[in-house]
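Heads up, protein_28.cif below (mmCIF, C-alpha atoms):
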```
data_data
loop_
_atom_site.label_atom_id
_atom_site.label_comp_id
_atom_site.auth_asym_id
_atom_site.auth_seq_id
_atom_site.Cartn_x
_atom_site.Cartn_y
_atom_site.Cartn_z
CA MET A 52 32.84 6.95 2.55
CA THR A 53 33.39 10.67 3.04
CA GLU A 54 31.62 13.18 0.87
CA SER A 55 33.76 14.98 -1.66
CA ARG A 56 33.05 18.58 -2.59
CA ARG A 57 34.28 20.76 -5.45
CA VAL A 58 34.74 24.49 -4.83
CA ILE A 59 35.96 27.43 -6.86
CA VAL A 60 38.45 29.63 -5.01
CA PRO A 61 39.38 33.03 -6.51
CA VAL A 62 43.15 33.68 -6.53
CA LYS A 63 44.64 37.14 -7.13
CA GLY A 64 48.22 38.06 -7.97
CA MET A 65 49.14 35.36 -10.48
CA ASP A 66 50.75 36.54 -13.73
CA CYS A 67 52.63 33.56 -15.18
CA ALA A 68 52.77 29.77 -15.43
CA GLU A 69 55.21 29.63 -12.52
CA CYS A 70 52.62 31.39 -10.34
CA VAL A 71 50.09 28.73 -11.30
CA ALA A 72 52.58 26.03 -10.29
CA HIS A 73 53.21 27.69 -6.91
CA VAL A 74 49.49 27.96 -6.12
CA THR A 75 48.83 24.41 -7.33
CA HIS A 76 51.62 23.08 -5.12
CA ALA A 77 50.47 25.08 -2.08
CA ILE A 78 46.87 23.85 -2.32
CA SER A 79 47.62 20.25 -3.30
CA ALA A 80 49.94 19.86 -0.29
CA LEU A 81 47.00 20.36 2.09
CA GLU A 82 45.59 17.29 3.81
CA GLY A 83 42.10 16.66 2.49
CA VAL A 84 42.67 18.14 -0.98
CA GLN A 85 42.03 15.45 -3.56
CA GLN A 86 42.58 17.41 -6.77
CA VAL A 87 43.34 21.00 -7.76
CA GLN A 88 43.34 22.85 -11.06
CA VAL A 89 44.54 26.47 -11.15
CA PHE A 90 43.60 28.74 -14.04
CA LEU A 91 45.70 31.83 -14.74
CA ALA A 92 43.33 33.62 -17.12
CA SER A 93 40.26 33.34 -14.89
CA GLU A 94 42.25 33.74 -11.66
CA LYS A 95 40.71 30.79 -9.89
CA ALA A 96 41.43 27.39 -8.46
CA VAL A 97 38.98 24.52 -8.76
CA VAL A 98 39.52 22.30 -5.74
CA GLN A 99 38.12 18.82 -5.09
CA LEU A 100 38.27 18.32 -1.34
CA ASP A 101 37.06 16.43 1.70
CA PRO A 102 35.12 19.12 3.63
CA THR A 103 35.68 17.27 6.92
CA ARG A 104 39.47 17.67 6.56
CA VAL A 105 40.01 21.03 4.84
CA ASP A 106 38.06 24.24 4.34
CA VAL A 107 38.43 27.52 2.48
CA SER A 108 40.17 29.29 5.37
CA VAL A 109 42.97 26.70 5.27
CA ILE A 110 43.22 27.04 1.48
CA ARG A 111 43.34 30.84 1.86
CA LYS A 112 46.28 30.58 4.29
CA ALA A 113 48.16 28.23 1.95
CA VAL A 114 47.65 30.55 -1.04
CA GLU A 115 48.74 33.56 1.01
CA GLY A 116 51.79 31.61 2.20
CA ALA A 117 52.72 31.11 -1.45
CA GLY A 118 52.58 34.89 -2.00
CA TYR A 119 49.11 35.32 -3.55
CA SER A 120 45.73 36.34 -2.18
CA VAL A 121 42.18 35.01 -1.96
CA PRO A 122 39.59 37.79 -1.96
CA GLU A 123 37.05 37.81 0.86
CA VAL A 124 34.46 36.35 -1.50
CA GLU A 125 33.50 32.92 -0.19
CA ALA A 126 34.37 29.93 -2.36
CA VAL A 127 31.56 28.89 -4.68
CA PRO A 128 30.36 25.27 -4.82
CA MET A 129 30.29 24.08 -8.43
CA ALA A 130 26.89 22.39 -8.30
CA VAL A 131 24.17 24.19 -10.27
CA PRO A 132 20.72 24.17 -8.61
CA PRO A 133 18.24 22.02 -10.60
CA ALA A 134 15.87 24.93 -11.32
CA ARG A 135 18.71 27.03 -12.73
CA ALA A 136 20.03 24.11 -14.77
CA ALA A 137 16.58 23.65 -16.34
CA ARG A 138 16.36 27.38 -17.18
CA LEU A 139 19.83 27.31 -18.74
CA ALA A 140 18.98 24.23 -20.77
CA GLY A 141 15.79 25.89 -22.06
CA LEU A 142 17.68 29.06 -22.97
CA SER A 143 20.42 27.09 -24.74
CA ARG A 144 17.82 25.17 -26.72
CA SER A 145 16.09 28.42 -27.77
CA VAL A 146 19.37 30.01 -28.86
CA LEU A 147 20.31 26.94 -30.90
CA ILE A 148 16.90 26.88 -32.62
CA LEU A 149 17.16 30.58 -33.50
CA PHE A 150 20.70 30.09 -34.75
CA GLY A 151 19.60 27.16 -36.91
CA LEU A 152 16.69 29.13 -38.34
CA SER A 153 18.95 32.05 -39.20
CA LEU A 154 21.20 29.76 -41.26
CA ALA A 155 18.32 28.05 -43.09
CA PRO A 156 18.08 28.90 -46.82
#
```
Show how you would write the structure in this file as structure tokens.
Amino acid sequence: MTESRRVIVPVKGMDCAECVAHVTHAISALEGVQQVQVFLASEKAVVQLDPTRVDVSVIRKAVEGAGYSVPEVEAVPMAVPPARAARLAGLSRSVLILFGLSLAP
């Protein structure tokens, strides 16, 4: 079984729902792309892909072919390192405790 990877690809130049549809279609048509979600407000595409069949340079060309651009920033894998996840969980817990204490009578 091949390994699947999820990456975030920044997309510039979208300004409407039709733009989102064009980018979605351009990326999903690529061989090796398993799933794609394009977000207008955050200007990004979240792509589930087979890294042995497609990479960010191919996605960049497809997006540019649809009339949009991908900044030179490399795509970001969505996995959060364990150490960072633990720090975030601890911070979230602290914020929730403080919030709860501030609402206590």
Check which residues satisfy the PyMOL selection byres ((chain A and resi 110-114) around 10) in the file shown, then give them as number ranges by chain.
A: 60-63, 73-81, 84, 98, 105-109, 115-123, 126
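Taking atom CA of Ala92 of chain A as the reference point, atom CA of Asp66 of chain A is found at 8.7 Å.
For the pair atom CA of Ser55 of chain A and atom CA of Val97 of chain A, the interatomic distance is 13.0 Å.
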Would you mind listing what lies within 10 Å of Cys67 of chain A as an NGL selection string, with only C-alpha atoms counted and same-chain residues fewer than 4 positions away left out?
:A and (71-72 or 91-92)
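Shortest atom-to-atom contact with Arg104 of chain A among A:Gly83, A:Cys70, A:Leu152, A:Val58: A:Gly83, counting only C-alpha atoms.
Residue membership of the PyMOL selection byres ((chain A and resi 54) around 12) in the shown file amounts to A:Met52, A:Thr53, A:Ser55, A:Arg56, A:Arg57, A:Gly83, A:Gln85, A:Gln99, A:Leu100, A:Asp101, A:Pro102, A:Thr103, A:Arg104.
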